[in-house]
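Novice: What follows is a single structure, and I will ask about it in a moment.
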2 protein chains.
Amino acid sequence: MRKVYVVGGGAIRIGEHWTFSLRDLMVHAAEKAIEDAGIDKKDVEAIYVGNMSSGPLQGQEHLGPLLATWLGVPGVAGYKVEAACASGGAALHNAFLAVASGLYSCVLALGVEKMSDALTADLTSALIMADDQEYVAFTGTSFVGLNALVYRAYMERFRVRQEDIALFAVHDHKYAVNNPYAQFRREISVDDVLSSPLVADPIRLFECAPIGDGAAALILCSEEFTNRLKTDVLIELAGSAVATDIFSINNRDDLLNLKATRIASERALKMANVDIKDVDVLEVHDAFTILGVLHLEDLGLAKKGEGWKLVKEGEIEVGGKIPTNTMGGLKARGHPVGATGMYQALEILTQLRGEAGKNQVEDAEVGLAQNVGGLGGTVTINVFRRVR
Amino acid sequence: MRKVYVVGGGAIRIGEHWTFSLRDLMVHAAEKAIEDAGIDKKDVEAIYVGNMSSGPLQGQEHLGPLLATWLGVPGVAGYKVEAACASGGAALHNAFLAVASGLYSCVLALGVEKMSDALTADLTSALIMADDQEYVAFTGTSFVGLNALVYRAYMERFRVRQEDIALFAVHDHKYAVNNPYAQFRREISVDDVLSSPLVADPIRLFECAPIGDGAAALILCSEEFTNRLKTDVLIELAGSAVATDIFSINNRDDLLNLKATRIASERALKMANVDIKDVDVLEVHDAFTILGVLHLEDLGLAKKGEGWKLVKEGEIEVGGKIPTNTMGGLKARGHPVGATGMYQALEILTQLRGEAGKNQVEDAEVGLAQNVGGLGGTVTINVFRRVR
């Protein structure tokens, strides 16, 4: 396998973009990534678009040629990769394979989702398509409803109080303040979280990642291609893996054990030849506060039932043992579902380049991004390393 | 790049499967391909699902873990690849890259679409998502309507009669008779075509690929992996390429020139180190008769305006210069959109293995499958070669 490098990235601030269509979001992010990489758009040979719901929400499929056309590079290879909320990470994995294979030398990996102009009922229907329509969704449950089951089970089994889990949202908001791409650039307190409206008992509104529009893009290339670029810093995509789990939580042995995280992280860390302890900066997929806690556990950073302690004891802060979601996470940066995996990767890139400003993790060399589809039905892990 | 081999394939007959859900179609095809390859399902490391419309039509996304779970292999990598009607070919290209990269040694590539239980209005809406929603679909045109423009332009520019173009449907039906997977296993005459109902002037019903349910799957693997298998015959996926074109025909220089076919076929043939003249058996994406004719021209087999002559003069018959759609094509085998690219590949495999029965092309060694998304917005070309 050829080595794969990330030489540029760009995004649009997540939010309600009433004057940007789906294509505008994509083109904006792609052009920024191309400019950041210092390449010509004609260098791009293939386009990987991570997106979940453009069909149900925009009535638009076939995003490969849509983007290729409006970016001004028709002729390139292009397709959409979908794995629910892990679509961004899955697109990144396949863009990685495209370069690693030797066939493509320069690839655009992009994630996009446009959610804010959809009706709430349509959004709820679109999001539950991440789970089993015929055996789960048909009951009328929503995606937040499924997470509420997990949340309740966690509190009961491990005797954990909600205010300790809710801290994850407080953490995210603190770091989003300094992220120019973040949807919510303001701090919140745990009291704010616990007094926010109940969405699905016990989940409160401020424990949920918000609805938003966004697009983020990266440029991936081969070692040979990097020689053409003027870059002092060089970041390798050193490990990339995807794992699935049994589709719905009702069929699993244990609804508090999202196995795909363990499987995918073992694969990706082995490929990158690093231990989870070597990771300097981490992005986890906290679509709900409880998920942030579970992910820390399933990544092997805390025992089962103790992930929340890492948050409470300051270990996931910049300066802590494992700085996590240092740009705001899904909760405060925002979560345009198919784009999230690419925002996470972009933020790892920003940290490894030393460009994270007030949120900078000192001497960050290794970063890991965990992107989750559905309730752990898919997990993608991408490990980045600064090589110079 | 590692060499990639196709060591097994399976499918379900295309038709109205009222007792098979989307997952049933997928599992059926996957199990047949695994059995055909003589591997254990535990050998599969990654799943590529080509599908266009499971979101709008079934309310189901996230097909990777859905299939992984119901096939009994959770843990593997898995995702959906979408490129409108070229989703199958695009999934195959990315499965090819997965093995070629060296990361995966055994991959399941599958295409699926379930259309017959959707309302006609919903289907029409789903299919036009292959073109530009904001600038084309919003006008109220349908996908067949766009093809009608192309058809009319072709007849006028080249002074060709409809009965000569309509022959493509007659050709397809003749070969579908002997294909156990074909939706319409009966012959039709050119009079049948011309007297069938008008769908979008000048396109007649019997010039349109039908609506149907289907799934087809292939097993791709590395050279090392093939050593474990007992196979007398071995088929290499020797060339694989994807190209996009300007998204909508109204923005192109010439609406009779589907450039992506030329670009992708040049790439794939070069990779396989063969000339188009070396191709023994060909599958083209004749969603409408006019497209079959155009594809022959864009592949370089006939001059512009003369593709229909190849059909009329018997050159695309078994025994002709370039045997084409020898298993019934989209018109008579059927066209479950996201699955079509995989059916085409499976039928090339059948021919190269010498298992095509009455439709067998003698000593077929090289086969090419062309799969098209939208009106040529995406074209995938996969070139197969019998290596022993």
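Labeling convention for the structure tokens: chains A, B, ... as they appear, residues from 1 per chain, ligands from 1 in order of appearance.
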List every residue of range 158-345 of chain B that DSSP, applied to the backbone of this structure, assigns to helix (DSSP H, G or I), and report them as a VMD selection string.

Specialist: chain B and resid 158 162 to 165 167 to 176 190 to 194 205 to 207 223 to 226 249 to 251 259 to 272 276 to 278 289 to 298 307 to 312 329 to 333 337 to 345

Novice: Provide as a PyMOL selection string the residues of chain A at most 6 Å from chain B, counting only C-alpha atoms.

Specialist: chain A and resi 1+56+59-62+65-66+69+74-77+79-84+97-98+100-102+129-130+133+242-247+377

Novice: As an exercise, work out the distance from CA of Glu362 in chain A to CA of Val281 in chain A in Å and give it to one decimal place.

Specialist: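 Calculated distance between CA of Glu362 in chain A and CA of Val281 in chain A is 9.8 Å.
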
Novice: Do you know which residues are at most 7 Å from Ser105 in chain B counting only C-alpha atoms, after dropping those on the same chain fewer than 4 positions away, and could you put them as a PyMOL selection string?

Specialist: chain B and resi 99+221-222+225

Novice: As an MDAnalysis selection string, please: the residues near Val293 in chain A (cut-off 10 Å, only C-alpha atoms, same-chain neighbours under 5 positions excluded).

Specialist: chainID A and resid 154 164:168 284:286 288 298 302 304:311

Novice: As an mmCIF file with C-alpha atoms, in the first residue's frame, please: the residues near range 195-198 of chain B (cut-off 12 Å, only C-alpha atoms, same-chain neighbours under 4 positions excluded).

Specialist:
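Listing of part_15.cif after writing:
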data_model
loop_
_atom_site.group_PDB
_atom_site.id
_atom_site.type_symbol
_atom_site.label_atom_id
_atom_site.label_comp_id
_atom_site.auth_asym_id
_atom_site.auth_seq_id
_atom_site.Cartn_x
_atom_site.Cartn_y
_atom_site.Cartn_z
ATOM 1 C CA VAL B 144 -37.543 9.479 -19.888
ATOM 2 C CA GLY B 145 -38.443 13.007 -21.001
ATOM 3 C CA ALA B 148 -36.743 11.744 -25.541
ATOM 4 C CA GLN B 162 -37.221 5.160 -35.347
ATOM 5 C CA GLU B 163 -37.630 1.547 -36.484
ATOM 6 C CA ALA B 166 -36.004 0.479 -31.884
ATOM 7 C CA ILE B 188 -40.634 -9.124 -29.414
ATOM 8 C CA SER B 189 -40.770 -7.682 -32.938
ATOM 9 C CA VAL B 190 -40.043 -4.164 -34.091
ATOM 10 C CA ASP B 191 -43.762 -3.804 -34.783
ATOM 11 C CA PRO B 202 -40.843 9.597 -29.561
ATOM 12 C CA ILE B 203 -40.000 6.969 -26.927
ATOM 13 C CA ARG B 204 -42.326 3.951 -26.883
ATOM 14 C CA LEU B 205 -42.913 1.776 -23.809
ATOM 15 C CA PHE B 206 -41.032 -1.179 -25.294
ATOM 16 C CA GLU B 207 -37.985 1.034 -25.793
ATOM 17 C CA CYS B 208 -37.697 1.623 -22.032
#

Novice: Could you give me, as a PyMOL selection string, each residue of range 133-367 of chain A that DSSP assigns to strand (DSSP E) when run on this structure's backbone?

Specialist: chain A and resi 198-200+203-204+214-222+235-244+281-283+366-367

Novice: Restrict the selected residues to N, CA and C atoms and save them as a short mmCIF file (atom, residue, chain, number, x, y, z; two decimals), in the first residue's frame.

Specialist:
data_model
loop_
_atom_site.label_atom_id
_atom_site.label_comp_id
_atom_site.auth_asym_id
_atom_site.auth_seq_id
_atom_site.Cartn_x
_atom_site.Cartn_y
_atom_site.Cartn_z
N LEU A 198 -36.80 18.60 27.70
CA LEU A 198 -36.65 17.15 27.57
C LEU A 198 -37.01 16.76 26.13
N VAL A 199 -36.12 16.00 25.48
CA VAL A 199 -36.39 15.56 24.11
C VAL A 199 -36.90 14.12 24.12
N ALA A 200 -36.15 13.23 24.74
CA ALA A 200 -36.58 11.83 24.91
C ALA A 200 -35.98 11.40 26.23
N ILE A 203 -32.91 12.31 27.86
CA ILE A 203 -32.06 13.21 27.07
C ILE A 203 -32.66 14.61 26.98
N ARG A 204 -31.85 15.59 27.36
CA ARG A 204 -32.24 17.01 27.29
C ARG A 204 -31.76 17.61 25.98
N GLY A 214 -23.69 22.02 6.47
CA GLY A 214 -22.24 22.17 6.46
C GLY A 214 -21.59 21.32 5.38
N ALA A 215 -20.36 21.65 5.08
CA ALA A 215 -19.53 20.86 4.17
C ALA A 215 -18.08 21.08 4.57
N ALA A 216 -17.32 20.01 4.54
CA ALA A 216 -15.89 20.08 4.84
C ALA A 216 -15.17 19.17 3.86
N ALA A 217 -13.94 19.55 3.51
CA ALA A 217 -13.22 18.81 2.47
C ALA A 217 -11.75 18.69 2.82
N LEU A 218 -11.15 17.61 2.35
CA LEU A 218 -9.72 17.38 2.50
C LEU A 218 -9.14 16.99 1.15
N ILE A 219 -7.87 17.30 0.96
CA ILE A 219 -7.14 16.82 -0.21
C ILE A 219 -6.17 15.74 0.24
N LEU A 220 -6.30 14.56 -0.36
CA LEU A 220 -5.43 13.43 -0.05
C LEU A 220 -4.53 13.17 -1.25
N CYS A 221 -3.28 12.82 -0.99
CA CYS A 221 -2.41 12.54 -2.12
C CYS A 221 -1.29 11.57 -1.77
N SER A 222 -0.59 11.15 -2.79
CA SER A 222 0.51 10.21 -2.64
C SER A 222 1.78 10.93 -2.23
N ILE A 235 1.25 15.89 6.99
CA ILE A 235 0.41 15.00 7.81
C ILE A 235 0.09 13.75 7.02
N GLU A 236 0.36 12.61 7.63
CA GLU A 236 0.03 11.33 7.00
C GLU A 236 -1.30 10.80 7.55
N LEU A 237 -2.12 10.26 6.66
CA LEU A 237 -3.28 9.48 7.11
C LEU A 237 -2.74 8.07 7.30
N ALA A 238 -2.29 7.80 8.52
CA ALA A 238 -1.45 6.63 8.78
C ALA A 238 -2.23 5.36 9.03
N GLY A 239 -3.49 5.51 9.43
CA GLY A 239 -4.33 4.34 9.68
C GLY A 239 -5.76 4.67 9.38
N SER A 240 -6.46 3.76 8.71
CA SER A 240 -7.84 4.02 8.34
C SER A 240 -8.60 2.71 8.34
N ALA A 241 -9.70 2.66 9.07
CA ALA A 241 -10.45 1.41 9.15
C ALA A 241 -11.94 1.69 9.36
N VAL A 242 -12.73 0.73 8.94
CA VAL A 242 -14.18 0.79 9.11
C VAL A 242 -14.64 -0.55 9.66
N ALA A 243 -15.56 -0.52 10.61
CA ALA A 243 -16.17 -1.78 11.09
C ALA A 243 -17.66 -1.58 11.23
N THR A 244 -18.39 -2.67 10.98
CA THR A 244 -19.83 -2.67 11.23
C THR A 244 -20.12 -3.46 12.51
N VAL A 281 -4.46 13.90 20.30
CA VAL A 281 -5.70 14.66 20.16
C VAL A 281 -6.76 13.75 19.53
N LEU A 282 -7.94 13.81 20.08
CA LEU A 282 -8.99 12.84 19.76
C LEU A 282 -10.29 13.55 19.39
N GLU A 283 -10.96 13.02 18.38
CA GLU A 283 -12.32 13.46 18.06
C GLU A 283 -13.25 12.26 18.24
N VAL A 366 0.04 12.93 16.92
CA VAL A 366 -0.87 11.86 16.49
C VAL A 366 -2.31 12.24 16.86
N GLY A 367 -3.21 12.15 15.88
CA GLY A 367 -4.62 12.44 16.13
C GLY A 367 -5.49 11.32 15.63
#
